[in-house]
$ cat my_file_2.cif   # mmCIF, C-alpha atoms and all ligand atoms
data_query
loop_
_atom_site.label_atom_id
_atom_site.label_comp_id
_atom_site.auth_asym_id
_atom_site.auth_seq_id
_atom_site.Cartn_x
_atom_site.Cartn_y
_atom_site.Cartn_z
CA MET A 1 112.57 90.25 134.30
CA LYS A 2 109.85 87.81 135.39
CA LYS A 3 106.34 89.14 135.81
CA ASP A 4 103.58 87.77 137.93
CA LEU A 5 102.12 85.78 135.05
CA TYR A 6 98.48 85.96 134.29
CA LYS A 7 96.92 82.53 134.62
CA GLU A 8 96.34 80.92 131.26
CA GLY A 9 92.68 80.74 130.31
CA GLN A 10 91.52 83.26 132.88
CA TYR A 11 91.51 86.15 130.45
CA HIS A 12 89.03 84.34 128.19
CA LYS A 13 86.28 84.81 130.76
CA GLU A 14 85.75 88.50 130.30
CA SER A 15 85.22 88.17 126.58
CA SER A 16 83.10 85.02 126.57
CA LYS A 17 80.15 87.32 125.93
CA GLN A 18 81.31 87.62 122.34
CA LYS A 19 78.69 86.71 119.74
CA HIS A 20 80.91 85.86 116.80
CA PRO A 21 82.63 82.49 116.34
CA MET A 22 86.33 82.88 115.59
CA GLU A 23 89.53 80.90 115.36
CA THR A 24 91.24 82.72 118.19
CA GLN A 25 90.76 85.71 120.42
CA ARG A 26 91.88 89.04 118.99
CA VAL A 27 94.91 90.67 120.54
CA GLN A 28 93.15 94.03 120.41
CA GLU A 29 90.43 92.58 122.67
CA ILE A 30 92.93 91.02 125.06
CA ALA A 31 94.82 94.33 125.27
CA SER A 32 91.64 96.14 126.27
CA LEU A 33 90.71 93.78 129.13
CA SER A 34 90.53 95.46 132.50
CA ASN A 35 91.91 92.47 134.43
CA LEU A 36 95.36 92.17 132.87
CA ASN A 37 96.98 94.05 135.78
CA GLY A 38 100.25 94.69 133.99
CA THR A 39 100.62 91.09 132.79
CA ILE A 40 100.06 89.25 129.53
CA PRO A 41 98.73 85.74 128.87
CA LEU A 42 101.42 83.08 128.88
CA GLU A 43 101.22 82.29 125.19
CA PHE A 44 102.48 85.79 124.36
CA ILE A 45 105.61 85.46 126.49
CA ARG A 46 108.53 84.57 124.25
CA SER A 47 111.27 82.16 125.25
CA ASP A 48 114.36 83.74 126.87
CA ASP A 49 116.35 83.66 123.62
CA GLU A 50 113.60 85.57 121.75
CA GLN A 51 112.56 88.25 124.25
CA PRO A 52 113.27 91.71 122.86
CA ALA A 53 114.63 92.97 126.18
CA THR A 54 117.56 90.56 126.07
CA THR A 55 118.06 90.15 122.32
CA THR A 56 118.01 93.76 121.10
CA ILE A 57 121.12 95.89 120.78
CA HIS A 58 119.93 98.90 122.77
CA GLY A 59 120.90 102.47 122.06
CA VAL A 60 121.83 101.77 118.43
CA VAL A 61 119.38 102.48 115.64
CA LEU A 62 120.27 100.71 112.44
CA GLU A 63 120.78 103.17 109.62
CA VAL A 64 119.64 100.96 106.75
CA PRO A 65 120.43 102.56 103.38
CA VAL A 66 118.18 105.49 102.51
CA ILE A 67 117.81 105.90 98.77
CA ASP A 68 116.57 109.02 97.01
CA LEU A 69 114.52 107.85 94.00
CA ASN A 70 114.88 111.35 92.60
CA ASN A 71 118.66 111.03 92.30
CA PRO A 72 119.50 112.72 88.96
CA ASP A 73 122.31 110.22 88.33
CA PRO A 74 120.63 106.95 87.20
CA GLN A 75 123.88 104.95 87.45
CA LYS A 76 124.39 105.98 91.07
CA LEU A 77 120.77 105.21 91.84
CA LEU A 78 121.07 101.78 90.25
CA ALA A 79 124.28 101.05 92.16
CA SER A 80 122.78 102.07 95.50
CA ILE A 81 119.71 99.85 95.02
CA PHE A 82 121.90 96.95 93.91
CA GLU A 83 124.27 97.26 96.90
CA ALA A 84 121.45 97.66 99.43
CA SER A 85 119.58 94.61 98.06
CA LYS A 86 122.74 92.50 98.04
CA ASP A 87 124.22 93.53 101.40
CA TRP A 88 121.18 94.40 103.49
CA GLY A 89 118.01 93.06 101.85
CA ILE A 90 116.29 96.20 103.13
CA PHE A 91 116.37 99.89 102.36
CA GLN A 92 114.18 102.95 102.67
CA VAL A 93 113.23 105.14 99.73
CA VAL A 94 112.42 108.83 99.78
CA ASN A 95 111.09 111.03 96.95
CA HIS A 96 109.13 108.04 95.70
CA GLU A 97 106.25 110.07 94.30
CA ILE A 98 103.52 108.67 96.52
CA PRO A 99 102.09 111.93 97.87
CA SER A 100 102.17 112.00 101.68
CA GLU A 101 98.51 112.95 101.57
CA VAL A 102 97.64 109.66 99.83
CA THR A 103 99.57 107.66 102.45
CA ARG A 104 98.00 109.66 105.26
CA ARG A 105 94.52 108.82 103.96
CA LEU A 106 95.45 105.12 103.64
CA GLN A 107 96.55 105.13 107.26
CA LYS A 108 93.47 107.01 108.41
CA VAL A 109 90.96 104.58 106.88
CA GLY A 110 92.96 101.56 108.09
CA LYS A 111 93.03 102.94 111.63
CA GLU A 112 89.30 103.69 111.45
CA PHE A 113 88.63 100.09 110.46
CA PHE A 114 90.56 98.71 113.44
CA GLU A 115 88.77 101.13 115.76
CA LEU A 116 85.33 99.80 114.75
CA PRO A 117 83.41 97.66 117.24
CA GLN A 118 84.70 94.08 117.29
CA GLU A 119 81.51 92.66 115.72
CA GLU A 120 81.94 94.92 112.74
CA LYS A 121 85.53 93.78 112.11
CA GLU A 122 84.49 90.14 112.42
CA THR A 123 82.21 90.52 109.38
CA ILE A 124 85.32 90.26 107.20
CA ALA A 125 87.19 87.71 109.33
CA LYS A 126 88.80 84.70 107.67
CA PRO A 127 86.05 82.07 107.63
CA ILE A 128 86.70 79.16 110.01
CA GLY A 129 88.57 76.36 108.28
CA TYR A 130 89.45 78.59 105.31
CA LYS A 131 92.94 78.02 103.94
CA GLY A 132 93.58 81.40 102.29
CA VAL A 133 95.31 84.35 103.91
CA GLU A 134 92.83 87.10 103.05
CA GLY A 135 90.60 88.55 105.73
CA TYR A 136 90.75 89.94 109.24
CA GLY A 137 92.60 87.64 111.62
CA THR A 138 95.16 87.07 114.30
CA LYS A 139 97.35 84.03 113.95
CA LEU A 140 99.17 83.52 110.68
CA GLN A 141 101.51 80.58 110.81
CA LYS A 142 102.33 77.63 113.02
CA GLU A 143 104.42 78.62 115.98
CA VAL A 144 106.34 76.37 118.32
CA GLU A 145 104.61 75.68 121.64
CA GLY A 146 101.48 77.55 120.48
CA LYS A 147 103.14 80.94 121.01
CA LYS A 148 101.43 84.03 119.64
CA GLY A 149 102.47 87.43 118.36
CA TRP A 150 100.97 90.58 119.89
CA VAL A 151 99.27 91.64 116.65
CA ASP A 152 96.04 91.41 114.66
CA HIS A 153 95.95 91.85 110.90
CA LEU A 154 93.88 92.32 107.79
CA PHE A 155 94.94 90.95 104.42
CA HIS A 156 93.32 91.61 101.05
CA ARG A 157 94.55 91.65 97.47
CA VAL A 158 94.41 95.02 95.74
CA TRP A 159 95.75 94.22 92.25
CA PRO A 160 95.25 92.99 89.51
CA PRO A 161 91.44 93.37 89.37
CA SER A 162 91.03 89.64 88.57
CA ALA A 163 92.70 88.78 91.90
CA ILE A 164 90.53 91.03 94.07
CA ASN A 165 87.89 89.61 96.38
CA TYR A 166 85.95 92.52 97.85
CA GLN A 167 84.45 90.16 100.43
CA PHE A 168 87.60 90.84 102.47
CA TRP A 169 87.67 94.62 102.07
CA PRO A 170 86.19 96.72 104.89
CA LYS A 171 82.86 98.37 104.04
CA LYS A 172 83.51 100.88 106.81
CA PRO A 173 84.71 103.54 106.70
CA PRO A 174 82.93 104.09 103.35
CA SER A 175 86.02 105.75 101.80
CA TYR A 176 88.15 102.66 102.51
CA ARG A 177 87.89 101.23 98.99
CA GLU A 178 88.50 104.42 97.05
CA THR A 179 91.44 105.36 99.29
CA ASN A 180 93.08 101.96 98.91
CA GLU A 181 92.57 101.98 95.15
CA GLU A 182 94.24 105.36 94.89
CA TYR A 183 97.21 104.22 97.00
CA THR A 184 97.52 101.02 94.93
CA GLN A 185 97.79 102.93 91.65
CA LYS A 186 100.65 105.04 93.04
CA MET A 187 102.25 101.94 94.54
CA ILE A 188 102.27 100.12 91.18
CA GLN A 189 104.34 102.93 89.67
CA VAL A 190 106.91 102.76 92.47
CA ALA A 191 107.00 98.96 92.30
CA ASN A 192 107.59 98.92 88.53
CA LYS A 193 110.43 101.39 88.97
CA LEU A 194 112.06 99.34 91.73
CA LEU A 195 111.69 96.03 89.88
CA GLY A 196 113.24 97.69 86.83
CA PHE A 197 116.28 98.79 88.84
CA LEU A 198 116.61 95.39 90.50
CA SER A 199 116.46 93.76 87.06
CA LYS A 200 119.12 96.04 85.58
CA GLY A 201 121.31 95.50 88.62
CA LEU A 202 121.51 91.84 87.63
CA GLY A 203 122.46 92.76 84.06
CA LEU A 204 118.95 91.95 82.79
CA GLU A 205 116.50 94.02 80.74
CA ASP A 206 114.19 96.36 82.62
CA GLY A 207 111.15 94.04 82.63
CA GLU A 208 112.81 90.64 82.99
CA LEU A 209 112.53 90.31 86.75
CA LYS A 210 108.85 91.24 86.61
CA GLN A 211 108.31 88.61 83.88
CA GLY A 212 109.91 86.06 86.20
CA LEU A 213 107.21 86.95 88.75
CA GLY A 214 104.22 86.59 86.46
CA GLY A 215 104.40 89.85 84.48
CA GLU A 216 101.12 91.77 84.56
CA ASP A 217 99.64 89.01 86.77
CA LEU A 218 101.99 89.98 89.59
CA THR A 219 99.70 90.25 92.60
CA TYR A 220 99.64 93.04 95.16
CA MET A 221 98.57 91.85 98.60
CA LEU A 222 98.01 94.53 101.21
CA LYS A 223 98.31 93.71 104.89
CA ILE A 224 97.53 95.96 107.82
CA ASN A 225 99.22 95.07 111.09
CA TYR A 226 97.62 96.37 114.28
CA TYR A 227 99.83 96.11 117.36
CA PRO A 228 97.89 97.38 120.42
CA PRO A 229 99.75 98.68 123.48
CA CYS A 230 101.23 95.76 125.40
CA PRO A 231 101.65 95.71 129.21
CA CYS A 232 104.93 93.75 128.89
CA PRO A 233 106.69 94.82 125.67
CA GLU A 234 110.01 93.45 126.91
CA LEU A 235 108.60 89.89 126.93
CA ALA A 236 106.47 89.82 123.76
CA LEU A 237 106.97 90.18 120.02
CA GLY A 238 104.62 91.55 117.38
CA VAL A 239 105.45 89.73 114.15
CA VAL A 240 107.91 86.90 114.86
CA PRO A 241 111.26 86.65 113.01
CA HIS A 242 110.81 85.80 109.33
CA THR A 243 111.78 86.61 105.79
CA ASP A 244 108.94 87.60 103.44
CA MET A 245 107.69 85.04 100.91
CA SER A 246 106.97 87.87 98.47
CA SER A 247 109.25 89.23 95.75
CA ILE A 248 109.54 92.62 97.37
CA THR A 249 107.48 94.16 100.15
CA ILE A 250 106.84 97.88 100.23
CA LEU A 251 105.83 99.03 103.70
CA VAL A 252 104.68 102.19 105.43
CA PRO A 253 104.56 102.21 109.22
CA ASN A 254 103.01 104.73 111.56
CA GLU A 255 105.45 106.71 113.70
CA VAL A 256 105.74 104.14 116.50
CA GLN A 257 109.10 102.33 116.61
CA GLY A 258 108.87 98.56 116.11
CA LEU A 259 110.65 97.15 113.07
CA GLN A 260 113.87 95.26 113.84
CA VAL A 261 116.40 93.68 111.50
CA PHE A 262 118.85 90.88 112.25
CA LYS A 263 122.36 91.89 111.29
CA ASP A 264 125.69 90.32 112.21
CA GLY A 265 124.05 88.09 114.81
CA HIS A 266 122.01 90.79 116.59
CA TRP A 267 118.63 92.50 116.46
CA TYR A 268 118.59 96.26 115.79
CA ASP A 269 115.79 98.82 115.62
CA VAL A 270 115.34 100.32 112.17
CA ALA A 271 115.14 104.12 112.15
CA TYR A 272 111.71 105.56 111.38
CA ILE A 273 111.86 108.14 108.59
CA PRO A 274 108.65 110.12 108.03
CA ASN A 275 107.19 109.60 104.52
CA ALA A 276 109.79 106.98 103.55
CA LEU A 277 108.79 103.60 102.13
CA ILE A 278 110.57 100.59 103.59
CA ILE A 279 111.55 98.05 100.95
CA HIS A 280 112.12 94.44 101.99
CA ILE A 281 113.75 92.04 99.57
CA GLY A 282 111.67 88.87 99.79
CA ASP A 283 112.35 85.20 99.11
CA GLN A 284 111.18 85.22 95.47
CA ILE A 285 113.73 87.87 94.43
CA GLU A 286 116.44 86.02 96.29
CA ILE A 287 115.47 82.91 94.31
CA LEU A 288 115.19 84.63 90.91
CA SER A 289 118.56 86.31 91.41
CA ASN A 290 120.04 82.95 92.49
CA GLY A 291 121.05 84.42 95.81
CA VAL A 292 122.61 87.69 94.64
CA TYR A 293 119.89 89.67 96.43
CA LYS A 294 119.19 88.63 100.04
CA SER A 295 115.80 88.42 101.67
CA VAL A 296 115.90 90.23 104.99
CA TYR A 297 115.26 88.55 108.35
CA HIS A 298 113.12 90.86 110.46
CA ARG A 299 110.63 91.00 113.32
CA THR A 300 108.63 93.60 115.25
CA THR A 301 108.48 94.71 118.84
CA VAL A 302 105.52 96.37 120.55
CA SER A 303 105.04 99.43 122.70
CA LYS A 304 103.72 99.79 126.23
CA GLU A 305 101.75 102.97 125.60
CA LYS A 306 101.16 103.28 121.89
CA THR A 307 99.40 101.41 119.12
CA ARG A 308 101.76 100.62 116.27
CA MET A 309 100.37 100.01 112.78
CA SER A 310 102.04 99.12 109.50
CA TRP A 311 100.88 98.63 105.92
CA PRO A 312 103.11 96.18 104.03
CA MET A 313 102.29 95.57 100.36
CA PHE A 314 103.50 92.12 99.31
CA LEU A 315 104.23 91.73 95.59
CA GLU A 316 103.60 88.06 94.88
CA PRO A 317 103.61 85.80 91.84
CA PRO A 318 100.23 84.19 91.00
CA PRO A 319 99.77 80.91 92.96
CA ASP A 320 100.36 78.57 89.99
CA PHE A 321 103.27 80.54 88.57
CA GLU A 322 106.64 78.78 88.78
CA VAL A 323 109.54 80.76 90.21
CA GLY A 324 113.17 79.70 90.03
CA PRO A 325 116.60 81.17 89.32
CA ILE A 326 116.53 83.14 86.04
CA PRO A 327 118.20 80.88 83.42
CA LYS A 328 120.43 83.74 82.14
CA LEU A 329 121.99 84.00 85.59
CA ILE A 330 122.91 80.32 85.74
CA ASN A 331 126.00 78.67 84.31
CA GLN A 332 128.48 75.93 85.14
CA ASP A 333 130.29 78.12 87.66
CA ASN A 334 127.07 79.40 89.13
CA PRO A 335 124.63 76.47 89.37
CA PRO A 336 121.06 77.01 90.65
CA LYS A 337 120.95 77.42 94.41
CA PHE A 338 117.16 77.10 94.62
CA LYS A 339 114.47 74.77 93.25
CA THR A 340 112.02 76.04 90.67
CA LYS A 341 108.51 75.61 92.05
CA LYS A 342 104.99 76.99 91.99
CA PHE A 343 104.55 79.92 94.33
CA LYS A 344 101.63 78.23 96.10
CA ASP A 345 103.85 75.22 96.88
CA TYR A 346 106.55 77.53 98.23
CA VAL A 347 103.97 79.18 100.51
CA HIS A 348 102.63 75.83 101.72
CA CYS A 349 106.10 74.64 102.72
CA LYS A 350 107.00 77.91 104.39
CA LEU A 351 103.80 78.27 106.42
CA ASN A 352 103.99 74.65 107.55
CA LYS A 353 107.72 74.80 108.24
CA LEU A 354 108.47 72.06 105.67
CA PRO A 355 111.73 71.93 103.68
CA GLN A 356 111.53 73.79 100.33
O1 LIG A 401 105.23 95.96 110.96
C1 LIG A 401 106.30 95.91 110.38
O2 LIG A 401 107.08 96.86 110.34
C2 LIG A 401 106.73 94.63 109.70
C3 LIG A 401 105.59 93.70 109.43
C4 LIG A 401 106.00 92.40 108.84
O3 LIG A 401 107.14 92.04 108.80
C5 LIG A 401 104.95 91.51 108.30
O4 LIG A 401 103.78 91.81 108.44
O5 LIG A 401 105.32 90.47 107.69
#
$ encode --input "my_file_2.cif" --output "structure tokens" --more "lines below"
Ligand SMILES: O=C(O)CCC(=O)C(=O)O
Amino acid sequence: MKKDLYKEGQYHKESSKQKHPMETQRVQEIASLSNLNGTIPLEFIRSDDEQPATTTIHGVVLEVPVIDLNNPDPQKLLASIFEASKDWGIFQVVNHEIPSEVTRRLQKVGKEFFELPQEEKETIAKPIGYKGVEGYGTKLQKEVEGKKGWVDHLFHRVWPPSAINYQFWPKKPPSYRETNEEYTQKMIQVANKLLGFLSKGLGLEDGELKQGLGGEDLTYMLKINYYPPCPCPELALGVVPHTDMSSITILVPNEVQGLQVFKDGHWYDVAYIPNALIIHIGDQIEILSNGVYKSVYHRTTVSKEKTRMSWPMFLEPPPDFEVGPIPKLINQDNPPKFKTKKFKDYVHCKLNKLPQ
């Protein structure tokens, strides 16, 4: 369906009153403009072969494996995590021991941050010209033809303490820090458990996979995605199709549908399960396992009426740490399928769309 497209550039006028310099206009600001008239700026309109309206399998919600971490049979639990990581690269976990109250508070303070006046959010924006990912921002990676996703974000590391830069943590609401620290401590327990299972699934010792990711230096990077209501959700995407660069990503969304997974040549909505954690297998686990586990290709759609938010936690090796297929998993019949390289070099190639 073609809309009467909003003229490119015109929408900048209303917000030219802004006082803060920034790399690009925030989607949240664009979404709140009074002169959109049911249209969106051209750079948010995806090409025909990407538009969710034509590329989504409608009426089918993908039932990705749902795994009960409280399963009393450890062998069955191990087998279900192994199968899901090998065949799907994504699964949801329930009974994960992060109290719903802790998650609810995390979501509350994140939402309160995004609802602050724009000037306030800009105080922790990525500085202009800065090469890191931490901070409040909009555009993440190079996109063909200057296209943009309908989403703003905030990134900041939460663990280990030596990796934290509080410059990028919101000061408002005042309980933001304490709430995120509490969530992180619970998250570390779940992550250790999952990495242990993934390790044993490959026939390794409990801690071997974690060692291959930097051990206790494994970094926890929290992101908040803020997808405001979009006048043309059938033409736009939130986060564009990608696999995560992390080892695993542990995500909680709000209740608004949006996550899609590519399976057997098609895009499907992933069912929302209250209080579940969504686990994405990322590129580094695919590499360490020499391709046994698969990183999942996913994207997000946006809603016409509702704001969607999500809180992915990316578990990443330290920048200078080298990641490659675990030597024990390699032999003459199973040669390495991936190069061993520093994580920061992997990230550079991926963000700049260079061969690995
Ligand atoms: O919002 C989501 O459900 C997924 C977000 C995501 O894939 C990302 O931020 O990389």
$ atom_distance --input "my_file_2.cif" --atom1 "atom CA of A:Ser47" --atom2 "atom CA of A:His266"
16.3 Å
$ residues_near_ligand --input "my_file_2.cif" --ligand "ligand LIG 401 (chain A)" --cutoff "7 Å" --atoms "all atoms listed in the file" --output "number ranges by chain"
A: 223, 225, 239, 244, 253, 258-259, 298-300, 309-310, 312
$ residues_around --input "my_file_2.cif" --residues "A:Val256" --least-positions-apart "5" --cutoff "12 Å" --atoms "all atoms listed in the file" --output "list in words"
Tyr226, Tyr227, Pro228, Pro229, Asp269, Val270, Ala271, Tyr272, Ile273, Pro274, Thr300, Thr301, Val302, Ser303, Lys304, Glu305, Lys306, Thr307, Arg308, Met309 and Ser310 of chain A
$ residues_around --input "my_file_2.cif" --residues "stretch 59-76 of chain A" --least-positions-apart "6" --cutoff "8 Å" --atoms "all atoms listed in the file" --output "ChimeraX atom specification"
/A:84,88,90-96,268-271
$ residues_around --input "my_file_2.cif" --residues "A:Phe338" --least-positions-apart "4" --cutoff "12 Å" --atoms "all atoms listed in the file" --output "ChimeraX atom specification"
/A:283-292,323-327,330,334,346,355-356
$ axis_aligned_box --input "my_file_2.cif" --around "stretch 225-243 of chain A" --padding-each-side "6 Å" --output "JSON"
{"center_x": 104.7, "center_y": 92.2, "center_z": 117.5, "size_x": 26.2, "size_y": 24.9, "size_z": 35.4}
$ closest_residue --input "my_file_2.cif" --among "A:Asp87, A:Phe262, A:Ile164, A:Gly132" --to "A:His348" --atoms "all atoms listed in the file"
A:Gly132
$ residues_around --input "my_file_2.cif" --residues "A:Pro52" --least-positions-apart "5" --cutoff "9 Å" --atoms "all atoms listed in the file" --output "PyMOL selection string"
chain A and resi 46+233-237+267+301
$ residues_near_point --input "my_file_2.cif" --point "(90.5, 93.5, 89.2)" --cutoff "12 Å" --atoms "only C-alpha atoms" --output "PyMOL selection string"
chain A and resi 157-166+181+184+216-217+219-220
$ atom_distance --input "my_file_2.cif" --atom1 "atom CA of A:Trp169" --atom2 "atom CA of A:Thr243"
25.7 Å
$ residues_around --input "my_file_2.cif" --residues "A:Val252" --least-positions-apart "5" --cutoff "8 Å" --atoms "all atoms listed in the file" --output "MDAnalysis selection string"
chainID A and resid 275:278 310:312
$ closest_residue --input "my_file_2.cif" --among "A:Leu315, A:Arg105, A:Ile128, A:Glu208" --to "A:Met221" --atoms "only C-alpha atoms"
A:Leu315
$ closest_residue --input "my_file_2.cif" --among "A:Lys337, A:Lys210, A:Lys263, A:His242" --to "A:Pro318" --atoms "all atoms listed in the file"
A:Lys210
$ atom_distance --input "my_file_2.cif" --atom1 "atom CA of A:Ala191" --atom2 "atom CA of A:Leu351"
25.3 Å
$ closest_residue --input "my_file_2.cif" --among "A:Pro41, A:Pro335, A:Pro317, A:Pro231" --to "A:Gly214" --atoms "only C-alpha atoms"
A:Pro317
